[in-house]
Amino acid sequence: MSNTATFTDNRNGKTYEFPIIDGELGPSVVDISNFYTQTGMFTLDKGYTSTAMCKSAITYINGEKGELRHRGYDIAWLAENKVFLDVVHLLLHKKLPSQSELDAFRKKLKTKSFINERMLGLFNAFPDKAHPMAVLQACVATLSAYYSRDMNYDDPHEYMELAERLVAKMPTLAAFYYRHAMGYPLIYPDLDRGFTENFLYMMRSFPHSHVDIRSIEVKALDTVLMLHADHEQNASTTTVRTVASTHSHPYSCISAGIGALWGHAHGGANESVVRQLEAIGSVENVDKYIKKAKDKDDPFRLMGFGHRVYKNYDPRAKVLKGLRDKLVDELDIDSNLIKIANRIEKIALEDEYFVSRNLYPNVDFNSGLILKALNIPTDMFAVMFVIGRAPGWMAQWMELKEQGNMKIVRPRQLYIGPKIGCEENTSKNDIEYSGKQ
Ligand code: SDX
């Protein structure tokens, strides 16, 4: 049996063969890179629902089973047994660190967690109430101006430095902007505190005063960050890889990824979930909103539900739901919002509309409730997603560089526009469209 797939053009009976390539896990691929040169046709795959854009060894997702692994380690096991920086090390350095390696890694990131003081001027360029994602996207793009000319980012050592530097600075940039927007004094990273604790410290502390940060809060936030660390070729990671394929600066790639993540169909959903739960307001109103979500003529969608890949419960949502229920009293999570969320989930998991479309809660459904209980401002929830995802984006960027023979991402199209313009047909004054969609 040959490892090939045959394509027949029934218009002329011609057949073509394409190689089938097997991976370590998951679906095989049909390599159609020569499809156009062989058949003279393009393939069409709106939203890339059936298209693999690369080979990767970083993250494996089984959407049917609801399984997620980072370099082979199951996400539920990692969440139970490891901390966020363990997973960052796993993503960037391809192995889980020993305790001494973790301590050294934590210390190295701390030394990189400060930002050039001249960058603080950037914050003044933004109007009050600027969305923090707009600010963070600009800050990361600006970092490329500070770490550029002298960097040879084709050198593995150099780009590991770039990756670790970005992971280390993201919480500082986020916390600094929050403090600036609130008119509070900036609180600089405390080198005696851990990565995740430091973020809460920079957000909450005030000069010469005690700051209350409970270990359970650090653990909750650390788990939220870990669950967001990487997720295969999602929209923002695909954006990072696409920009990287032009040999742009890695930080401009990440800045583009932040822009993609911001959308409420993607990483912006965690903010939309909480705003939606607040808008629903009470359990009694849930049925009305479920009806809207099912109405094809209503653009309303249940935020935090559905996923392009998971056709089962998102394993991250499972971990977050367990964490939420464990912390509900400890963290004073808004019980009314939990009741509404539980009611939505119960109905959706039984209702034919959602069941037939395999719509389950995704990572964003519960993360916002935990972040809200940690007193993270709602418009910073996507920023927390960025802090978690930065190592995944950089790992994907480094993998693309390591694999070499990088090809610029340049898809084609099905042209449905006018055949000729009015300048070629003087009898007509306007362009005729075929009306093809
Ligand atoms: C993330 O890709 C990743 O890995 C992303 C992510 C990561 O870690 O990087 O996991 C993070 O982005 C999670 C997703 C967060 N987004 C949301 O929660 C927003 C709400 N969800 C939807 O917008 C939607 O489910 C998407 C965008 C997540 C997935 O969209 P798809 O795969 O393009 O699915 P679709 O729009 O084609 O929907 C299929 C059907 C449609 O109905 P029919 O046309 O078949 O009748 O399901 C319906 C949709 O109308 N549908 C929903 C729905 N999601 C899909 N109906 C109501 N509410 C919803 N949330």
# chains A, B, ... in the order shown; residues from 1 in each chain; ligands from 1
call {"tool": "residues_near_ligand", "arguments": {"ligand": "ligand 1", "cutoff": "9 Å", "atoms": "only C-alpha atoms and all ligand atoms", "output": "ChimeraX atom specification"}}
result
/A:47,49,61,227-237,261,263-270,272-273,290,292-296,299-310,314,316,353-354,356-365,385,389
call {"tool": "residues_around", "arguments": {"residues": "range 39-44 of chain A", "least_positions_apart": "4", "cutoff": "9 Å", "atoms": "only C-alpha atoms", "output": "ChimeraX atom specification"}}
result
/A:9,14-16,32,34-35,48,412-414
call {"tool": "closest_residue", "arguments": {"among": "A:Arg106, A:Lys46, A:Lys291, A:Arg275", "to": "Asp351 in chain A", "atoms": "only C-alpha atoms"}}
result
A:Lys291
call {"tool": "atom_distance", "arguments": {"atom1": "CA of Val135 in chain A", "atom2": "CA of Ala181 in chain A"}}
result
10.6 Å
call {"tool": "atom_distance", "arguments": {"atom1": "CA of Lys65 in chain A", "atom2": "CA of Asn312 in chain A"}}
result
6.2 Å
call {"tool": "select_by_dssp", "arguments": {"residues": "range 182-268 of chain A", "states": "alpha helix (DSSP H)", "output": "short mmCIF file (atom, residue, chain, number, x, y, z; two decimals) with all heavy atoms, in the first residue's frame"}}
result
data_model
loop_
_atom_site.label_atom_id
_atom_site.label_comp_id
_atom_site.auth_asym_id
_atom_site.auth_seq_id
_atom_site.Cartn_x
_atom_site.Cartn_y
_atom_site.Cartn_z
N MET A 182 -3.74 54.16 36.41
CA MET A 182 -4.45 54.47 37.66
C MET A 182 -3.86 55.69 38.35
O MET A 182 -4.36 56.15 39.38
CB MET A 182 -4.35 53.26 38.61
CG MET A 182 -5.01 51.99 38.11
SD MET A 182 -6.79 52.20 37.86
CE MET A 182 -7.32 52.22 39.57
N PHE A 195 8.21 34.66 39.96
CA PHE A 195 7.71 35.26 38.73
C PHE A 195 6.26 35.71 38.87
O PHE A 195 5.93 36.87 38.65
CB PHE A 195 7.85 34.24 37.58
CG PHE A 195 7.39 34.74 36.24
CD1 PHE A 195 8.29 35.35 35.36
CD2 PHE A 195 6.07 34.61 35.84
CE1 PHE A 195 7.87 35.81 34.12
CE2 PHE A 195 5.64 35.07 34.61
CZ PHE A 195 6.55 35.68 33.74
N THR A 196 5.39 34.80 39.28
CA THR A 196 3.95 35.10 39.33
C THR A 196 3.63 36.01 40.50
O THR A 196 2.86 36.97 40.37
CB THR A 196 3.16 33.78 39.41
OG1 THR A 196 3.53 32.96 38.30
CG2 THR A 196 1.66 34.02 39.38
N GLU A 197 4.24 35.76 41.65
CA GLU A 197 4.01 36.62 42.82
C GLU A 197 4.42 38.05 42.51
O GLU A 197 3.76 39.02 42.91
CB GLU A 197 4.78 36.10 44.03
CG GLU A 197 4.52 36.91 45.28
CD GLU A 197 5.51 36.61 46.41
OE1 GLU A 197 6.34 35.69 46.25
OE2 GLU A 197 5.42 37.30 47.44
N ASN A 198 5.51 38.20 41.76
CA ASN A 198 6.01 39.53 41.43
C ASN A 198 4.98 40.35 40.67
O ASN A 198 4.84 41.55 40.88
CB ASN A 198 7.27 39.42 40.56
CG ASN A 198 8.41 40.26 41.14
OD1 ASN A 198 8.19 41.23 41.87
ND2 ASN A 198 9.63 39.86 40.83
N PHE A 199 4.22 39.66 39.80
CA PHE A 199 3.22 40.41 39.03
C PHE A 199 2.16 40.98 39.99
O PHE A 199 1.81 42.16 39.92
CB PHE A 199 2.55 39.52 37.98
CG PHE A 199 1.44 40.22 37.26
CD1 PHE A 199 1.72 41.19 36.31
CD2 PHE A 199 0.11 39.96 37.58
CE1 PHE A 199 0.69 41.89 35.67
CE2 PHE A 199 -0.92 40.65 36.95
CZ PHE A 199 -0.63 41.60 35.99
N LEU A 200 1.68 40.15 40.90
CA LEU A 200 0.67 40.63 41.86
C LEU A 200 1.26 41.72 42.75
O LEU A 200 0.59 42.70 43.09
CB LEU A 200 0.15 39.46 42.70
CG LEU A 200 -0.67 38.41 41.94
CD1 LEU A 200 -1.00 37.23 42.85
CD2 LEU A 200 -1.95 39.03 41.37
N TYR A 201 2.54 41.58 43.07
CA TYR A 201 3.24 42.61 43.88
C TYR A 201 3.27 43.94 43.13
O TYR A 201 2.91 44.99 43.66
CB TYR A 201 4.64 42.11 44.21
CG TYR A 201 5.55 43.14 44.81
CD1 TYR A 201 5.36 43.58 46.12
CD2 TYR A 201 6.60 43.70 44.07
CE1 TYR A 201 6.19 44.54 46.69
CE2 TYR A 201 7.42 44.65 44.62
CZ TYR A 201 7.22 45.08 45.92
OH TYR A 201 8.04 46.05 46.46
N MET A 202 3.65 43.92 41.86
CA MET A 202 3.75 45.15 41.07
C MET A 202 2.37 45.77 40.84
O MET A 202 2.24 46.98 40.68
CB MET A 202 4.41 44.87 39.72
CG MET A 202 5.89 44.50 39.80
SD MET A 202 6.69 44.39 38.18
CE MET A 202 6.10 42.80 37.62
N MET A 203 1.32 44.92 40.86
CA MET A 203 -0.04 45.44 40.65
C MET A 203 -0.61 46.05 41.92
O MET A 203 -1.37 47.00 41.88
CB MET A 203 -0.96 44.30 40.18
CG MET A 203 -0.71 43.79 38.79
SD MET A 203 -1.29 44.91 37.51
CE MET A 203 -3.08 44.67 37.65
N ARG A 204 -0.25 45.47 43.10
CA ARG A 204 -0.97 45.81 44.34
C ARG A 204 -0.20 46.66 45.33
O ARG A 204 -0.78 47.33 46.16
CB ARG A 204 -1.34 44.51 45.07
CG ARG A 204 -2.32 43.62 44.35
CD ARG A 204 -2.65 42.43 45.22
NE ARG A 204 -3.53 41.49 44.53
CZ ARG A 204 -3.86 40.32 45.06
NH1 ARG A 204 -3.41 39.97 46.27
NH2 ARG A 204 -4.66 39.50 44.40
N SER A 215 -0.63 32.90 49.21
CA SER A 215 -0.01 31.88 48.36
C SER A 215 -1.05 31.23 47.45
O SER A 215 -0.77 30.86 46.32
CB SER A 215 0.69 30.82 49.23
OG SER A 215 -0.25 30.26 50.13
N ILE A 216 -2.30 31.16 47.97
CA ILE A 216 -3.35 30.54 47.14
C ILE A 216 -3.65 31.41 45.90
O ILE A 216 -3.99 30.89 44.84
CB ILE A 216 -4.62 30.32 47.99
CG1 ILE A 216 -5.54 29.33 47.30
CG2 ILE A 216 -5.35 31.63 48.28
CD1 ILE A 216 -6.58 28.74 48.21
N GLU A 217 -3.47 32.71 46.06
CA GLU A 217 -3.67 33.60 44.90
C GLU A 217 -2.55 33.40 43.88
O GLU A 217 -2.78 33.37 42.67
CB GLU A 217 -3.68 35.05 45.38
CG GLU A 217 -4.87 35.42 46.25
CD GLU A 217 -4.79 36.87 46.68
OE1 GLU A 217 -3.86 37.21 47.44
OE2 GLU A 217 -5.66 37.65 46.26
N VAL A 218 -1.31 33.27 44.40
CA VAL A 218 -0.18 33.05 43.49
C VAL A 218 -0.37 31.75 42.73
O VAL A 218 -0.20 31.69 41.52
CB VAL A 218 1.14 33.05 44.29
CG1 VAL A 218 2.32 32.73 43.37
CG2 VAL A 218 1.36 34.38 44.99
N LYS A 219 -0.78 30.70 43.45
CA LYS A 219 -0.97 29.38 42.81
C LYS A 219 -2.07 29.46 41.75
O LYS A 219 -1.94 28.93 40.65
CB LYS A 219 -1.34 28.35 43.88
CG LYS A 219 -1.67 26.95 43.33
CD LYS A 219 -0.50 26.31 42.60
CE LYS A 219 -0.87 24.97 41.95
NZ LYS A 219 0.08 24.57 40.89
N ALA A 220 -3.15 30.18 42.08
CA ALA A 220 -4.27 30.29 41.12
C ALA A 220 -3.81 31.00 39.85
O ALA A 220 -4.03 30.53 38.73
CB ALA A 220 -5.43 31.05 41.76
N LEU A 221 -3.14 32.13 40.02
CA LEU A 221 -2.68 32.88 38.84
C LEU A 221 -1.63 32.09 38.07
O LEU A 221 -1.64 32.05 36.84
CB LEU A 221 -2.12 34.24 39.25
CG LEU A 221 -1.63 35.12 38.10
CD1 LEU A 221 -2.72 35.35 37.07
CD2 LEU A 221 -1.12 36.47 38.63
N ASP A 222 -0.76 31.40 38.79
CA ASP A 222 0.29 30.61 38.14
C ASP A 222 -0.34 29.52 37.27
O ASP A 222 0.10 29.28 36.14
CB ASP A 222 1.18 29.97 39.22
CG ASP A 222 2.50 29.47 38.65
OD1 ASP A 222 3.43 30.28 38.49
OD2 ASP A 222 2.56 28.27 38.33
N THR A 223 -1.41 28.91 37.78
CA THR A 223 -2.09 27.87 37.00
C THR A 223 -2.76 28.47 35.77
O THR A 223 -2.68 27.92 34.66
CB THR A 223 -3.14 27.15 37.86
OG1 THR A 223 -2.50 26.63 39.03
CG2 THR A 223 -3.81 26.02 37.11
N VAL A 224 -3.39 29.63 35.93
CA VAL A 224 -4.03 30.30 34.78
C VAL A 224 -2.98 30.60 33.71
O VAL A 224 -3.18 30.31 32.53
CB VAL A 224 -4.74 31.60 35.22
CG1 VAL A 224 -5.17 32.42 34.01
CG2 VAL A 224 -5.96 31.28 36.09
N LEU A 225 -1.83 31.12 34.11
CA LEU A 225 -0.77 31.44 33.13
C LEU A 225 -0.31 30.16 32.43
O LEU A 225 -0.17 30.12 31.20
CB LEU A 225 0.41 32.12 33.82
CG LEU A 225 0.15 33.51 34.40
CD1 LEU A 225 1.40 34.04 35.11
CD2 LEU A 225 -0.31 34.50 33.32
N MET A 226 -0.12 29.10 33.21
CA MET A 226 0.38 27.84 32.61
C MET A 226 -0.59 27.31 31.56
O MET A 226 -0.20 26.85 30.49
CB MET A 226 0.55 26.78 33.70
CG MET A 226 1.03 25.44 33.17
SD MET A 226 0.76 24.09 34.31
CE MET A 226 1.96 24.48 35.58
N LEU A 227 -1.90 27.40 31.89
CA LEU A 227 -2.90 26.82 30.98
C LEU A 227 -3.00 27.59 29.66
O LEU A 227 -3.62 27.14 28.72
CB LEU A 227 -4.27 26.78 31.67
CG LEU A 227 -4.37 25.83 32.86
CD1 LEU A 227 -5.69 26.02 33.58
CD2 LEU A 227 -4.19 24.38 32.43
N ALA A 235 -4.90 31.09 16.01
CA ALA A 235 -4.84 32.27 15.14
C ALA A 235 -3.65 33.17 15.45
O ALA A 235 -2.95 33.64 14.55
CB ALA A 235 -6.15 33.06 15.27
N SER A 236 -3.38 33.39 16.74
CA SER A 236 -2.28 34.33 17.08
C SER A 236 -0.92 33.68 16.83
O SER A 236 0.01 34.34 16.36
CB SER A 236 -2.40 34.79 18.53
OG SER A 236 -2.55 33.69 19.40
N THR A 237 -0.80 32.39 17.07
CA THR A 237 0.47 31.72 16.79
C THR A 237 0.72 31.67 15.29
O THR A 237 1.84 31.87 14.82
CB THR A 237 0.47 30.31 17.40
OG1 THR A 237 0.32 30.42 18.82
CG2 THR A 237 1.74 29.55 17.08
N THR A 238 -0.33 31.44 14.52
CA THR A 238 -0.21 31.46 13.06
C THR A 238 0.22 32.85 12.59
O THR A 238 1.04 32.99 11.68
CB THR A 238 -1.55 31.06 12.42
OG1 THR A 238 -1.88 29.73 12.84
CG2 THR A 238 -1.47 31.09 10.89
N THR A 239 -0.29 33.87 13.27
CA THR A 239 0.11 35.25 12.94
C THR A 239 1.60 35.45 13.23
O THR A 239 2.33 36.01 12.41
CB THR A 239 -0.73 36.24 13.78
OG1 THR A 239 -2.11 36.03 13.53
CG2 THR A 239 -0.36 37.69 13.46
N VAL A 240 2.05 34.97 14.39
CA VAL A 240 3.47 35.09 14.75
C VAL A 240 4.33 34.39 13.69
O VAL A 240 5.31 34.95 13.20
CB VAL A 240 3.73 34.49 16.15
CG1 VAL A 240 5.23 34.38 16.44
CG2 VAL A 240 3.06 35.33 17.23
N ARG A 241 3.94 33.18 13.30
CA ARG A 241 4.72 32.44 12.31
C ARG A 241 4.69 33.13 10.94
O ARG A 241 5.68 33.15 10.22
CB ARG A 241 4.19 31.01 12.20
CG ARG A 241 4.67 30.08 13.32
CD ARG A 241 4.09 28.68 13.16
NE ARG A 241 4.66 27.73 14.11
CZ ARG A 241 5.65 26.84 13.80
NH1 ARG A 241 6.17 26.84 12.59
NH2 ARG A 241 6.10 25.99 14.72
N THR A 242 3.52 33.70 10.61
CA THR A 242 3.40 34.37 9.31
C THR A 242 4.33 35.58 9.25
O THR A 242 5.07 35.76 8.28
CB THR A 242 1.93 34.80 9.07
OG1 THR A 242 1.11 33.63 9.07
CG2 THR A 242 1.78 35.54 7.75
N VAL A 243 4.32 36.39 10.30
CA VAL A 243 5.20 37.58 10.32
C VAL A 243 6.66 37.13 10.38
O VAL A 243 7.53 37.69 9.70
CB VAL A 243 4.83 38.51 11.50
CG1 VAL A 243 5.77 39.72 11.55
CG2 VAL A 243 3.39 38.98 11.39
N ALA A 244 6.93 36.06 11.12
CA ALA A 244 8.31 35.55 11.22
C ALA A 244 8.81 35.09 9.86
O ALA A 244 9.99 35.22 9.53
CB ALA A 244 8.37 34.39 12.21
N PRO A 250 11.72 39.43 15.83
CA PRO A 250 10.85 38.57 16.63
C PRO A 250 9.85 39.33 17.47
O PRO A 250 8.71 38.88 17.65
CB PRO A 250 11.82 37.78 17.51
CG PRO A 250 13.16 38.38 17.31
CD PRO A 250 13.13 39.10 16.02
N TYR A 251 10.25 40.50 17.97
CA TYR A 251 9.29 41.24 18.80
C TYR A 251 8.18 41.86 17.97
O TYR A 251 7.08 42.08 18.45
CB TYR A 251 10.02 42.30 19.63
CG TYR A 251 10.94 41.73 20.71
CD1 TYR A 251 11.82 42.53 21.40
CD2 TYR A 251 10.93 40.36 21.02
CE1 TYR A 251 12.67 42.01 22.38
CE2 TYR A 251 11.77 39.84 21.98
CZ TYR A 251 12.63 40.65 22.66
OH TYR A 251 13.48 40.13 23.62
N SER A 252 8.45 42.12 16.69
CA SER A 252 7.36 42.61 15.84
C SER A 252 6.41 41.45 15.53
O SER A 252 5.20 41.63 15.38
CB SER A 252 7.91 43.22 14.55
OG SER A 252 8.47 42.22 13.73
N CYS A 253 6.96 40.23 15.50
CA CYS A 253 6.10 39.04 15.31
C CYS A 253 5.17 38.88 16.51
O CYS A 253 3.98 38.62 16.36
CB CYS A 253 6.96 37.79 15.18
SG CYS A 253 8.13 37.83 13.82
N ILE A 254 5.73 39.05 17.71
CA ILE A 254 4.92 38.87 18.93
C ILE A 254 3.89 40.00 19.04
O ILE A 254 2.74 39.79 19.43
CB ILE A 254 5.82 38.85 20.19
CG1 ILE A 254 6.85 37.72 20.09
CG2 ILE A 254 4.98 38.71 21.45
CD1 ILE A 254 6.32 36.34 19.95
N SER A 255 4.28 41.20 18.66
CA SER A 255 3.34 42.33 18.68
C SER A 255 2.15 42.04 17.77
O SER A 255 0.99 42.27 18.11
CB SER A 255 4.05 43.61 18.23
OG SER A 255 3.15 44.68 18.21
N ALA A 256 2.43 41.45 16.61
CA ALA A 256 1.34 41.07 15.69
C ALA A 256 0.47 39.98 16.33
O ALA A 256 -0.76 40.01 16.23
CB ALA A 256 1.93 40.56 14.37
N GLY A 257 1.11 39.05 17.03
CA GLY A 257 0.36 38.00 17.72
C GLY A 257 -0.57 38.56 18.77
O GLY A 257 -1.72 38.11 18.93
N ILE A 258 -0.12 39.62 19.47
CA ILE A 258 -0.96 40.27 20.48
C ILE A 258 -2.20 40.87 19.81
O ILE A 258 -3.33 40.74 20.30
CB ILE A 258 -0.17 41.36 21.24
CG1 ILE A 258 0.94 40.72 22.07
CG2 ILE A 258 -1.10 42.20 22.12
CD1 ILE A 258 1.89 41.72 22.71
N GLY A 259 -1.99 41.44 18.64
CA GLY A 259 -3.12 42.00 17.90
C GLY A 259 -4.14 40.92 17.54
O GLY A 259 -5.35 41.12 17.67
N ALA A 260 -3.66 39.77 17.12
CA ALA A 260 -4.57 38.68 16.76
C ALA A 260 -5.28 38.14 18.01
O ALA A 260 -6.49 37.90 18.01
CB ALA A 260 -3.80 37.56 16.08
N LEU A 261 -4.57 38.02 19.10
CA LEU A 261 -5.15 37.44 20.32
C LEU A 261 -6.25 38.33 20.89
O LEU A 261 -7.18 37.87 21.52
CB LEU A 261 -4.05 37.25 21.37
CG LEU A 261 -4.47 36.42 22.60
CD1 LEU A 261 -4.54 34.93 22.27
CD2 LEU A 261 -3.52 36.65 23.75
N TRP A 262 -6.16 39.61 20.65
CA TRP A 262 -7.06 40.62 21.25
C TRP A 262 -8.52 40.36 20.87
O TRP A 262 -9.43 40.60 21.65
CB TRP A 262 -6.61 42.00 20.80
CG TRP A 262 -7.29 43.17 21.47
CD1 TRP A 262 -8.25 43.16 22.43
CD2 TRP A 262 -6.99 44.54 21.21
NE1 TRP A 262 -8.60 44.42 22.79
CE2 TRP A 262 -7.85 45.31 22.05
CE3 TRP A 262 -6.11 45.21 20.37
CZ2 TRP A 262 -7.84 46.71 22.05
CZ3 TRP A 262 -6.10 46.60 20.38
CH2 TRP A 262 -6.95 47.32 21.21
#
call {"tool": "residues_around", "arguments": {"residues": "Tyr146 in chain A", "least_positions_apart": "4", "cutoff": "12 Å", "atoms": "only C-alpha atoms", "output": "ChimeraX atom specification"}}
result
/A:115-119,139-142,150-151,162,165-166,249,251-252
